[in-house]
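Have a look at the structure below, then the notes.
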Amino acid sequence: SIPASPSAPKRSLIVAASLPLGLLLGLLAALTAEKLGYAAPVRVRREPRAALMAPAKAKSAPIRTLWTGPPILAQIGGANSLRAADYVIDWPDSRFSLGINALVHQLDNRKGAATIVAVTAALPGEGKSAVAVSLARAAARMGKKTVLVDCDPARLSSKALGAPVKDGLYDVLRGAVPLNQTLAKDPRGGAYLLGMPRRPPNSAAMFASQAMAKLVEVLRGGAELVILDCGPAPLAPDAGLIARHADATLLVTGQNAMQSPALAHTVRALESAQAAAIGMVVLS
């Protein structure tokens, strides 16, 4: 007789075997993606350095809402914790690391003098210090002499690097310790850290002083990239004073906060403080 159905293999056996096998393959793919650093998507918008000085008109394709503020230099995913800065060293070919590298190239100054970049945010906890440390480590991996100055009262950059800091910015500005004795090297990279273990009684006067301006010029002459990690602008009015000494100001924000009143207030506050030209880094 002609068979009405196949005798082998059993369909029930195929279904039963495919479920655990598919689960195992999915777990393997997820672990591989996380190991290689591809879990968080990153999209970088390449713009010339002159875009920092352009009028405020930029729109990034991944952001659906119309943006009319400062130019968006990059949209990067995965910088939601200080551990993200380790990706630049542990997974240099990951999307996050490649996005940070592209941002370093955008900030690159080919005129010979160092590029001074101030990094701030509209709200705390938005990955500002992770971006600052990642930029320093990425630039150092490119062979650039890089100095990261931790001006944030929370000292998150110093914690992320884990470099031993005994004396710091305040000690240098008041003339108590020479600069070369306060620079600590990143234990995992080639960047140097100028921390701030002690805060002055009047930080606004310190950052607006001639000593601060002179220090920035000294760093400009001895390094290729200087990153000033400021506190969140609304919580630390010093951010505007520090950004005056910079060539560019990176304002880090989350994608969901693009239309928030806090971000608009921060942009106006930085512009009123005569901060350097502002470029946006959007974290998704």
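Scheme for the structure tokens: letters A, B, ... for chains in order shown; per-chain residue numbers from 1; ligand numbers from 1 in order shown.
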Practice item. Would you please give, as a PyMOL selection string, all residues of region 77-153 of chain A that DSSP assigns to alpha helix (DSSP H) based on the backbone? Key: chain A and resi 87-90+95-107+128-141
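Note that the spacing between CA of Ile76 (chain A) and CA of Val119 (chain A) amounts to 15.1 Å.
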Revision key, fill the gap. As a check of understanding: the span from CA of Leu179 (chain A) to CA of Gly195 (chain A) is 11.1 Å
**Study point:** Residues within 12 Å of Leu250 (chain A), only C-alpha atoms, excluding chain neighbours under 6 positions, as a PyMOL selection string
**Key:** chain A and resi 52+70-74+103-104+106-107+116-122+128-129+131-132+135+227-230+232-233+239-240+243+266-267+270+275-282
Review point. For Gly77 (chain A), which of A:Leu25, A:Ala130, A:Leu215, A:Ala223 is the closest residue, counting only C-alpha atoms?
Key: A:Ala130
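Interatomic distance, CA of Ala139 (chain A) to CA of Ser209 (chain A): 28.4 Å.
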Check your understanding: Near Gly125 (chain A), within 10 Å and counting only C-alpha atoms, which residues show up once chain neighbours fewer than 5 positions away are dropped, as a ChimeraX atom specification?
Key -> /A:80-82,130,232,253-254
